[in-house]
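Peer 1: Here it is, the structure, as structure tokens.
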Amino acid sequence: MPNIITGAATSTGRIRDVNEDAHFLGTSLFLVADGMGGHQAGARASRLVVEHLAGLAHSAPATSAIVEAICAANAAIVADAEGHVDRAGMGTTLVGLCLTELAGSPHWIAFNVGDSRLYRFEGDLLQQVSVDHSEVQELVEAGEITSEQAASHPLRNVITRSLGIEPCPAVDTWMLPLSGPETFLLCSDGLTNELSDPEISLVVRESSSPQAAADQLVALADSAGGRDNATAIIIQIEERTAHATDLAPEPTLPHPLSRSQ
Ligand code: CA
């Protein structure tokens with residue numbers, strides 16, 4: 001198995017009273033969830049999904065097991081909201097990365113619902129692996145605005161998919177072969193709304209450790225405005241374990257509870 005070094009940091013920011021982000025930093029499972037909803041319900045929603053998914057740690061799950069766990073977490077949030085009037089409408093994003101085995105070789109499974117993000121660094125190259133489920137991403141894909149315009153667009157915080165709102169939203173998944181030394185970043189939008197990709201890349205490149213990088217990213221998001229909760233997990237893989245292979249998106253298998261797109 002590869003040698004993996006990690007770090008994580010989170011901040012409430014300078015405007016909000018409560019940190020509604022939740023994260024999980026295991027040895028082979030990493031999660032960031034960004035909750036939404038009044039009366040601290042968002043913090044409950046994000047914590048619920050992280051607690052459900054943390055049960056997958058150490059199990060080398062298949063993609064289907066991860067999707068099933070996400071659907072179970074979704075159902076738990078829906079049931080919790082239905083039982084408490086002050087939690088109505090609570091929801092959360094989820095982005096995660098899980099080390100597993102495929103045909104005897106280590107692979108990452110990445111998964112995403114909402115606009116929290118997974119980035120991959122290979123050398124100095126920064127690549128967003130996850131695709132935001134957001135109004136502005138749909139406008140980018142329709143060719144109506146550019147990625148640069150999306151970063152400051154008034155609709156940039158409107159997400160089109162989340163957990164806790166409907167019976168079971170579709171989960172995007174990717175299978176990533178381990179391709180040697182590389183670094184991943186999982187983060188909430190409180191980070192990416194304050195810092196540009198080049199700023200993020202510079203911090204990760206120049207930090208002395210994953211923990212130092214996570215700490216500095218969150219501190220910079222605060223000093224840039226801190227308008228939202230910000231969370232960052234850095235996962236650094238140190239040794240080459242397999243031949244480099246291109247990033248291979250894996251089509252999401254239909255899940256019995258998934259709605260069609
Ligand atoms: Ca947020």
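Here's how to read the names in the structure tokens: chain A, B, ... by the order shown, residue numbers from 1 in each chain, ligand numbers from 1 in the order shown.
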How would you write, as a PyMOL selection string, the set of residues in segment 15-197 of chain A that DSSP gives as alpha helix (DSSP H)?

Peer 2: chain A and resi 41-54+63-82+135-141+147-151+189-192+197

Peer 1: Among segment 41-253 of chain A, which ones does DSSP place in strand (DSSP E), written as a ChimeraX atom specification?

Peer 2: /A:91-92,94-102,105-113,117-122,125-128,172-177,182-187,230-237

Peer 1: Between segment 157-227 of chain A and segment 67-85 of chain A, at 9 Å or less, what are the per-residue closest atom pairs and their distances in Å? Count only C-alpha atoms, order by chain and rising residue number, and return it as JSON lines.

Peer 2:
{"residue": "A:Ser162", "atom": "CA", "partner": "A:Asn74", "partner_atom": "CA", "distance": 8.9}
{"residue": "A:Leu163", "atom": "CA", "partner": "A:Asn74", "partner_atom": "CA", "distance": 5.2}
{"residue": "A:Gly164", "atom": "CA", "partner": "A:Val78", "partner_atom": "CA", "distance": 4.8}
{"residue": "A:Ile165", "atom": "CA", "partner": "A:Val78", "partner_atom": "CA", "distance": 6.6}
{"residue": "A:Glu166", "atom": "CA", "partner": "A:Val78", "partner_atom": "CA", "distance": 7.5}
{"residue": "A:Pro167", "atom": "CA", "partner": "A:Ala75", "partner_atom": "CA", "distance": 6.8}
{"residue": "A:Cys168", "atom": "CA", "partner": "A:Cys71", "partner_atom": "CA", "distance": 5.7}
{"residue": "A:Pro169", "atom": "CA", "partner": "A:Cys71", "partner_atom": "CA", "distance": 7.7}
{"residue": "A:Ala170", "atom": "CA", "partner": "A:Val67", "partner_atom": "CA", "distance": 8.8}
{"residue": "A:Val171", "atom": "CA", "partner": "A:Val67", "partner_atom": "CA", "distance": 6.7}
{"residue": "A:Thr173", "atom": "CA", "partner": "A:Val67", "partner_atom": "CA", "distance": 8.6}

Peer 1: Hey, can you spit out that residue selection with C-alpha atoms as a PDB file, in the first residue's frame?

Peer 2:
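Output file part20.pdb follows:
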ATOM      1  CA  SER A 162     -27.593  17.757  -2.269  1.00  0.00           C
ATOM      2  CA  LEU A 163     -28.331  15.169   0.390  1.00  0.00           C
ATOM      3  CA  GLY A 164     -31.394  15.393   2.636  1.00  0.00           C
ATOM      4  CA  ILE A 165     -33.762  17.051   0.196  1.00  0.00           C
ATOM      5  CA  GLU A 166     -35.157  14.198  -1.916  1.00  0.00           C
ATOM      6  CA  PRO A 167     -35.462  10.388  -1.695  1.00  0.00           C
ATOM      7  CA  CYS A 168     -32.007   9.660  -3.128  1.00  0.00           C
ATOM      8  CA  PRO A 169     -30.021  11.983  -5.385  1.00  0.00           C
ATOM      9  CA  ALA A 170     -27.684  10.591  -8.026  1.00  0.00           C
ATOM     10  CA  VAL A 171     -24.070  10.254  -6.852  1.00  0.00           C
ATOM     11  CA  THR A 173     -18.328   8.502  -8.880  1.00  0.00           C
TER      12      THR A 173
END

Peer 1: Residues within 6 Å of ligand 1 should be enumerated using only C-alpha atoms and all ligand atoms and returned as a ChimeraX atom specification.

Peer 2: /A:34,188-190,228-229

Peer 1: Using only C-alpha atoms, which residues sit within 7 Å of segment 111-114 of chain A once same-chain residues fewer than 3 positions away are excluded, as an NGL selection string?

Peer 2: :A and (93-97 or 130 or 132-134 or 159-162 or 171-174)

Peer 1: So, with only C-alpha atoms as the atoms that count, which of A:Val129, A:Met90, A:Ala213, A:Leu176 lies closest to Gln236 of chain A?

Peer 2: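 Of all the options, A:Ala213 lies closest to Gln236 of chain A.
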
Peer 1: With a distance cut-off of 9 Å and only C-alpha atoms, select the neighbouring residues of Asn19 of chain A, excluding the residue or stretch itself and same-chain residues fewer than 4 positions from it, and output the selection as a PyMOL selection string.

Peer 2: chain A and resi 10-13+35+40+42-43+228-230

Peer 1: Expressed in Å to a single decimal, how great is the separation between atom CA of Val204 of chain A and atom CA of Asp124 of chain A?

Peer 2: 9.3 Å

Peer 1: Near Pro181 of chain A, within 8 Å and counting only C-alpha atoms, which residues show up once chain neighbours fewer than 3 positions away are dropped, as JSON, numbers by chain?

Peer 2: {"A": [122, 236, 237, 238, 239, 240]}
